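What follows is start-v9.cif (mmCIF, C-alpha atoms).
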data_data
loop_
_atom_site.label_atom_id
_atom_site.label_comp_id
_atom_site.auth_asym_id
_atom_site.auth_seq_id
_atom_site.Cartn_x
_atom_site.Cartn_y
_atom_site.Cartn_z
CA MET A 12 9.43 -52.86 18.75
CA ARG A 13 12.18 -51.40 16.58
CA ARG A 14 11.92 -48.05 14.80
CA SER A 15 13.32 -47.59 11.36
CA PRO A 16 15.94 -44.82 11.01
CA SER A 17 14.63 -44.00 7.51
CA ARG A 18 11.11 -43.48 8.88
CA ASP A 19 12.47 -41.13 11.58
CA LEU A 20 14.37 -39.22 8.89
CA LEU A 21 11.24 -38.86 6.73
CA VAL A 22 9.12 -37.68 9.68
CA GLY A 23 11.83 -35.17 10.64
CA LEU A 24 12.03 -33.83 7.07
CA PHE A 25 8.24 -33.55 6.91
CA VAL A 26 8.18 -31.57 10.19
CA LEU A 27 10.99 -29.27 8.95
CA MET A 28 9.14 -28.62 5.67
CA GLY A 29 5.99 -27.79 7.63
CA LEU A 30 7.89 -25.34 9.85
CA ALA A 31 9.53 -23.72 6.80
CA ALA A 32 6.12 -23.33 5.10
CA LEU A 33 4.67 -21.80 8.26
CA ALA A 34 7.58 -19.34 8.52
CA TYR A 35 7.17 -18.34 4.85
CA LEU A 36 3.43 -17.78 5.25
CA SER A 37 4.00 -15.72 8.40
CA LEU A 38 6.47 -13.47 6.60
CA SER A 39 4.21 -13.13 3.56
CA VAL A 40 1.12 -12.22 5.56
CA GLY A 41 3.14 -9.81 7.68
CA GLY A 42 4.38 -8.01 4.57
CA LEU A 43 8.05 -8.70 5.23
CA SER A 44 10.36 -9.65 2.43
CA LEU A 45 13.63 -11.55 2.33
CA ARG A 46 14.63 -9.86 -0.92
CA PRO A 47 17.38 -7.21 -0.96
CA GLY A 48 16.17 -3.66 -0.34
CA GLY A 49 16.75 -2.01 -3.73
CA GLY A 50 14.51 0.67 -5.13
CA MET A 51 13.69 4.22 -4.18
CA THR A 52 11.60 6.05 -1.63
CA ILE A 53 9.27 8.78 -2.85
CA TYR A 54 6.89 10.94 -0.85
CA ALA A 55 3.42 12.42 -1.26
CA ALA A 56 1.43 14.73 1.05
CA PHE A 57 -2.33 14.11 1.31
CA ASP A 58 -5.10 16.09 3.04
CA GLU A 59 -6.94 12.86 3.96
CA ILE A 60 -5.62 9.29 3.91
CA GLY A 61 -8.89 7.63 5.01
CA GLY A 62 -7.49 4.52 6.67
CA LEU A 63 -4.40 3.98 4.51
CA LYS A 64 -1.92 1.86 6.47
CA PRO A 65 1.80 1.12 6.26
CA ARG A 66 2.57 -1.84 3.96
CA ALA A 67 -0.43 -0.96 1.75
CA PRO A 68 0.30 -1.65 -1.93
CA VAL A 69 1.39 1.00 -4.40
CA VAL A 70 0.15 0.13 -7.89
CA ILE A 71 0.53 1.35 -11.46
CA SER A 72 -2.18 0.12 -13.86
CA GLY A 73 -3.25 -2.47 -11.28
CA VAL A 74 0.25 -3.97 -10.93
CA LYS A 75 1.96 -3.76 -7.52
CA VAL A 76 5.22 -1.82 -7.82
CA GLY A 77 5.85 -1.00 -4.18
CA GLN A 78 4.35 -0.43 -0.77
CA VAL A 79 3.74 2.29 1.79
CA ASP A 80 6.66 2.49 4.22
CA SER A 81 5.42 5.05 6.72
CA ILE A 82 2.84 7.77 7.31
CA THR A 83 3.68 10.89 9.31
CA LEU A 84 2.44 14.46 9.69
CA ASN A 85 4.40 17.20 7.94
CA ASP A 86 4.78 20.82 9.08
CA ASP A 87 1.45 21.78 7.42
CA TYR A 88 -0.38 18.99 9.30
CA ARG A 89 -0.88 16.99 6.12
CA ALA A 90 -0.28 13.26 5.99
CA ARG A 91 3.16 12.63 4.47
CA VAL A 92 3.30 9.16 2.97
CA ALA A 93 6.65 7.49 2.24
CA MET A 94 6.41 4.88 -0.53
CA HIS A 95 9.08 2.34 -1.44
CA ILE A 96 9.08 1.76 -5.20
CA GLU A 97 10.88 -1.14 -6.93
CA ASP A 98 14.20 -0.24 -8.53
CA HIS A 99 13.25 -0.97 -12.15
CA ILE A 100 10.33 1.52 -12.14
CA GLU A 101 10.91 4.96 -13.67
CA LEU A 102 8.31 7.57 -12.72
CA PRO A 103 7.96 10.82 -14.70
CA ALA A 104 8.20 13.95 -12.52
CA ASP A 105 4.59 14.94 -13.30
CA SER A 106 3.09 11.62 -12.14
CA SER A 107 0.13 11.75 -9.75
CA ALA A 108 -0.82 9.64 -6.74
CA SER A 109 -4.36 8.83 -5.58
CA ILE A 110 -5.62 6.96 -2.55
CA VAL A 111 -8.26 4.51 -3.76
CA THR A 112 -10.31 1.71 -2.26
CA ALA A 113 -10.27 -1.94 -3.30
CA GLY A 114 -14.00 -2.48 -3.78
CA VAL A 115 -16.73 -0.66 -1.87
CA LEU A 116 -15.53 -1.42 1.65
CA GLY A 117 -12.06 -2.75 0.90
CA ASP A 118 -8.61 -1.71 2.00
CA ARG A 119 -7.01 1.50 0.81
CA TYR A 120 -3.99 1.58 -1.48
CA ILE A 121 -2.12 4.12 -3.58
CA SER A 122 -2.55 4.23 -7.34
CA ILE A 123 0.05 6.11 -9.36
CA GLN A 124 -0.86 7.55 -12.75
CA LEU A 125 2.16 8.16 -14.93
CA GLY A 126 2.77 11.60 -16.41
CA GLY A 127 4.45 12.52 -19.66
CA ASP A 128 7.43 14.56 -18.45
CA ASP A 129 10.93 13.68 -19.62
CA ARG A 130 12.34 14.32 -16.13
CA LEU A 131 12.12 11.40 -13.69
CA LEU A 132 11.50 11.19 -9.96
CA HIS A 133 14.53 10.13 -7.94
CA ASP A 134 15.03 8.74 -4.45
CA GLY A 135 13.68 11.23 -1.90
CA ASP A 136 11.57 13.25 -4.37
CA GLU A 137 7.94 14.17 -3.73
CA ILE A 138 4.91 13.67 -5.96
CA SER A 139 3.19 17.04 -6.14
CA PHE A 140 -0.05 16.00 -7.87
CA VAL A 141 -2.15 14.05 -5.33
CA GLU A 142 -5.78 13.10 -4.85
CA SER A 143 -6.82 12.39 -1.27
CA ALA A 144 -9.07 9.55 -0.18
CA VAL A 145 -12.81 9.90 -0.62
CA ILE A 146 -14.60 9.29 2.69
CA LEU A 147 -17.92 7.55 2.04
CA GLU A 148 -19.45 8.69 5.34
CA ARG A 149 -18.80 12.34 4.46
CA LEU A 150 -20.41 11.95 1.06
CA ILE A 151 -23.51 10.36 2.58
CA GLY A 152 -23.68 13.11 5.22
CA LYS A 153 -23.50 15.83 2.56
CA LEU A 154 -26.21 14.09 0.54
CA ILE A 155 -28.51 13.88 3.56
CA HIS A 156 -27.95 17.49 4.63
CA ASN A 157 -28.37 18.88 1.12
CA THR A 158 -31.66 17.09 0.49
CA ASP A 159 -34.83 19.03 1.33
CA ILE A 160 -36.94 16.33 2.93
CA GLY A 161 -39.54 18.58 4.58
CA ASP A 162 -40.49 20.65 1.48
CA ASP A 163 -44.06 20.19 0.24
CA LYS A 164 -43.66 21.83 -3.15
#
Spell out the structure here as structure tokens.
Amino acid sequence: MRRSPSRDLLVGLFVLMGLAALAYLSLSVGGLSLRPGGGMTIYAAFDEIGGLKPRAPVVISGVKVGQVDSITLNDDYRARVAMHIEDHIELPADSSASIVTAGVLGDRYISIQLGGDDRLLHDGDEISFVESAVILERLIGKLIHNTDIGDDK
């Protein structure tokens, strides 16, 4: 039984395409990018990050413009979040950052609301107007403890 060289070539190409697709999907799911690293890094300090993780999206008006690079503690024991923002984005200096949830039980991400200042944030600057994450368990606990269940009035 003789094998055709063209069939072997086609099978080899098919296997290589499958491996390339698997590598691309692995990089995409892992949050890695093969694009050059342009852009800027800006910082924000939050009292509570509520499960925000590195590589979480940073969005403006629902459009992804960057991602969270790292989360550390600063000298005041607040969570200092480093965000990588794409190079074509210009953020006014009075912009604000909020940690929000995708859906009721979804992942956390950072939403940036643009300000109206003429000055712009540059690489290494910090957003001073922040809104920390809302922790659903704390809200439910406050509701339960503030309700007078045993009153017969």
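Proximity ranking of A:Gln78, A:Ser107, A:Ser143, A:Ser39 relative to Arg66 in chain A places A:Gln78 first, based on only C-alpha atoms.
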Per residue of range 22-97 of chain A within 12 Å of range 145-157 of chain A, note the shortest atom pair and the distance in Å to one decimal, counting all atoms listed in the file, and order the rows by chain and increasing residue number, as a tab-separated table.
residue	atom	partner	partner_atom	distance
A:Phe57	CA	A:Val145	CA	11.5
A:Asp58	CA	A:Val145	CA	10.5
A:Glu59	CA	A:Val145	CA	8.0
A:Ile60	CA	A:Val145	CA	8.5
A:Gly61	CA	A:Ile146	CA	6.4
A:Gly62	CA	A:Ile146	CA	9.4
A:Leu63	CA	A:Val145	CA	11.5
ask   = What gap, in Å, lies between CA of Asp136 in chain A and CA of Ala104 in chain A?
value =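 CA of Ala104 in chain A lies at a distance of 8.8 Å from CA of Asp136 in chain A.
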ask   = If you count all atoms listed in the file, which residues fall within 10 Å of Pro103 in chain A, apart from same-chain ones fewer than 3 positions away, as a ChimeraX atom specification?
value = /A:100,106-107,124-133,138
Neighbour list for Ser122 in chain A as a list in words, cut-off 6 Å, all atoms listed in the file, skip fewer than 3 positions in-chain =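 Here the qualifying residues turn out to be Val69, Val70, Ile71, Ala108 and Ser109 of chain A.
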ask   = Which is closer to Ala93 in chain A than all the others in A:Ala34, A:Met51, A:Val40, A:Val141, using all atoms listed in the file?
value =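 Closest to Ala93 in chain A of all the choices is A:Met51.
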As a PDB file, in the frame of the given file, please: range 80-111 of chain A completed to N, CA and C atoms.
ATOM      1  N   ASP A  80       5.711   2.737   3.134  1.00  0.00           N
ATOM      2  CA  ASP A  80       6.660   2.490   4.220  1.00  0.00           C
ATOM      3  C   ASP A  80       6.180   3.090   5.526  1.00  0.00           C
ATOM      4  N   SER A  81       5.820   4.370   5.486  1.00  0.00           N
ATOM      5  CA  SER A  81       5.420   5.050   6.720  1.00  0.00           C
ATOM      6  C   SER A  81       4.487   6.206   6.393  1.00  0.00           C
ATOM      7  N   ILE A  82       3.744   6.627   7.427  1.00  0.00           N
ATOM      8  CA  ILE A  82       2.840   7.770   7.310  1.00  0.00           C
ATOM      9  C   ILE A  82       3.087   8.661   8.517  1.00  0.00           C
ATOM     10  N   THR A  83       3.419   9.931   8.254  1.00  0.00           N
ATOM     11  CA  THR A  83       3.680  10.890   9.310  1.00  0.00           C
ATOM     12  C   THR A  83       2.962  12.200   8.986  1.00  0.00           C
ATOM     13  N   LEU A  84       2.971  13.118   9.935  1.00  0.00           N
ATOM     14  CA  LEU A  84       2.440  14.460   9.690  1.00  0.00           C
ATOM     15  C   LEU A  84       3.583  15.385   9.316  1.00  0.00           C
ATOM     16  N   ASN A  85       3.369  16.218   8.287  1.00  0.00           N
ATOM     17  CA  ASN A  85       4.400  17.200   7.940  1.00  0.00           C
ATOM     18  C   ASN A  85       4.136  18.501   8.691  1.00  0.00           C
ATOM     19  N   ASP A  86       4.892  19.540   8.381  1.00  0.00           N
ATOM     20  CA  ASP A  86       4.780  20.820   9.080  1.00  0.00           C
ATOM     21  C   ASP A  86       3.424  21.495   8.861  1.00  0.00           C
ATOM     22  N   ASP A  87       2.764  21.209   7.741  1.00  0.00           N
ATOM     23  CA  ASP A  87       1.450  21.780   7.420  1.00  0.00           C
ATOM     24  C   ASP A  87       0.305  20.921   7.948  1.00  0.00           C
ATOM     25  N   TYR A  88       0.602  19.932   8.760  1.00  0.00           N
ATOM     26  CA  TYR A  88      -0.380  18.990   9.300  1.00  0.00           C
ATOM     27  C   TYR A  88      -1.105  18.228   8.199  1.00  0.00           C
ATOM     28  N   ARG A  89      -0.381  17.883   7.164  1.00  0.00           N
ATOM     29  CA  ARG A  89      -0.880  16.990   6.120  1.00  0.00           C
ATOM     30  C   ARG A  89      -0.194  15.649   6.302  1.00  0.00           C
ATOM     31  N   ALA A  90      -0.853  14.601   5.874  1.00  0.00           N
ATOM     32  CA  ALA A  90      -0.280  13.260   5.990  1.00  0.00           C
ATOM     33  C   ALA A  90       0.809  13.087   4.935  1.00  0.00           C
ATOM     34  N   ARG A  91       2.039  12.849   5.386  1.00  0.00           N
ATOM     35  CA  ARG A  91       3.160  12.630   4.470  1.00  0.00           C
ATOM     36  C   ARG A  91       3.409  11.136   4.382  1.00  0.00           C
ATOM     37  N   VAL A  92       3.204  10.592   3.192  1.00  0.00           N
ATOM     38  CA  VAL A  92       3.300   9.160   2.970  1.00  0.00           C
ATOM     39  C   VAL A  92       4.613   8.849   2.257  1.00  0.00           C
ATOM     40  N   ALA A  93       5.410   7.965   2.855  1.00  0.00           N
ATOM     41  CA  ALA A  93       6.650   7.490   2.240  1.00  0.00           C
ATOM     42  C   ALA A  93       6.353   6.163   1.558  1.00  0.00           C
ATOM     43  N   MET A  94       6.680   6.091   0.262  1.00  0.00           N
ATOM     44  CA  MET A  94       6.410   4.880  -0.530  1.00  0.00           C
ATOM     45  C   MET A  94       7.717   4.313  -1.051  1.00  0.00           C
ATOM     46  N   HIS A  95       7.905   3.020  -0.884  1.00  0.00           N
ATOM     47  CA  HIS A  95       9.080   2.340  -1.440  1.00  0.00           C
ATOM     48  C   HIS A  95       8.674   1.761  -2.788  1.00  0.00           C
ATOM     49  N   ILE A  96       9.375   2.187  -3.838  1.00  0.00           N
ATOM     50  CA  ILE A  96       9.080   1.760  -5.200  1.00  0.00           C
ATOM     51  C   ILE A  96      10.219   0.860  -5.692  1.00  0.00           C
ATOM     52  N   GLU A  97       9.872  -0.211  -6.407  1.00  0.00           N
ATOM     53  CA  GLU A  97      10.880  -1.140  -6.930  1.00  0.00           C
ATOM     54  C   GLU A  97      11.884  -0.411  -7.814  1.00  0.00           C
ATOM     55  N   ASP A  98      13.106  -0.945  -7.863  1.00  0.00           N
ATOM     56  CA  ASP A  98      14.200  -0.240  -8.530  1.00  0.00           C
ATOM     57  C   ASP A  98      14.075  -0.145 -10.044  1.00  0.00           C
ATOM     58  N   HIS A  99      13.337  -1.006 -10.689  1.00  0.00           N
ATOM     59  CA  HIS A  99      13.250  -0.970 -12.150  1.00  0.00           C
ATOM     60  C   HIS A  99      12.155  -0.026 -12.658  1.00  0.00           C
ATOM     61  N   ILE A 100      11.419   0.626 -11.760  1.00  0.00           N
ATOM     62  CA  ILE A 100      10.330   1.520 -12.140  1.00  0.00           C
ATOM     63  C   ILE A 100      10.871   2.938 -12.305  1.00  0.00           C
ATOM     64  N   GLU A 101      10.541   3.568 -13.427  1.00  0.00           N
ATOM     65  CA  GLU A 101      10.910   4.960 -13.670  1.00  0.00           C
ATOM     66  C   GLU A 101       9.640   5.787 -13.733  1.00  0.00           C
ATOM     67  N   LEU A 102       9.517   6.748 -12.806  1.00  0.00           N
ATOM     68  CA  LEU A 102       8.310   7.570 -12.720  1.00  0.00           C
ATOM     69  C   LEU A 102       8.594   8.968 -13.259  1.00  0.00           C
ATOM     70  N   PRO A 103       7.815   9.439 -14.240  1.00  0.00           N
ATOM     71  CA  PRO A 103       7.960  10.820 -14.700  1.00  0.00           C
ATOM     72  C   PRO A 103       7.682  11.794 -13.553  1.00  0.00           C
ATOM     73  N   ALA A 104       8.310  12.966 -13.602  1.00  0.00           N
ATOM     74  CA  ALA A 104       8.200  13.950 -12.520  1.00  0.00           C
ATOM     75  C   ALA A 104       6.780  14.475 -12.360  1.00  0.00           C
ATOM     76  N   ASP A 105       5.959  14.427 -13.403  1.00  0.00           N
ATOM     77  CA  ASP A 105       4.590  14.940 -13.300  1.00  0.00           C
ATOM     78  C   ASP A 105       3.568  13.832 -13.044  1.00  0.00           C
ATOM     79  N   SER A 106       4.011  12.706 -12.491  1.00  0.00           N
ATOM     80  CA  SER A 106       3.090  11.620 -12.140  1.00  0.00           C
ATOM     81  C   SER A 106       2.202  12.064 -10.979  1.00  0.00           C
ATOM     82  N   SER A 107       1.040  11.421 -10.849  1.00  0.00           N
ATOM     83  CA  SER A 107       0.130  11.750  -9.750  1.00  0.00           C
ATOM     84  C   SER A 107      -0.158  10.505  -8.927  1.00  0.00           C
ATOM     85  N   ALA A 108      -0.513  10.734  -7.665  1.00  0.00           N
ATOM     86  CA  ALA A 108      -0.820   9.640  -6.740  1.00  0.00           C
ATOM     87  C   ALA A 108      -2.215   9.847  -6.170  1.00  0.00           C
ATOM     88  N   SER A 109      -3.009   8.776  -6.131  1.00  0.00           N
ATOM     89  CA  SER A 109      -4.360   8.830  -5.580  1.00  0.00           C
ATOM     90  C   SER A 109      -4.520   7.713  -4.569  1.00  0.00           C
ATOM     91  N   ILE A 110      -5.266   8.007  -3.512  1.00  0.00           N
ATOM     92  CA  ILE A 110      -5.620   6.960  -2.550  1.00  0.00           C
ATOM     93  C   ILE A 110      -6.977   6.428  -2.972  1.00  0.00           C
ATOM     94  N   VAL A 111      -7.033   5.144  -3.284  1.00  0.00           N
ATOM     95  CA  VAL A 111      -8.260   4.510  -3.760  1.00  0.00           C
ATOM     96  C   VAL A 111      -8.608   3.325  -2.880  1.00  0.00           C
TER      97      VAL A 111
END
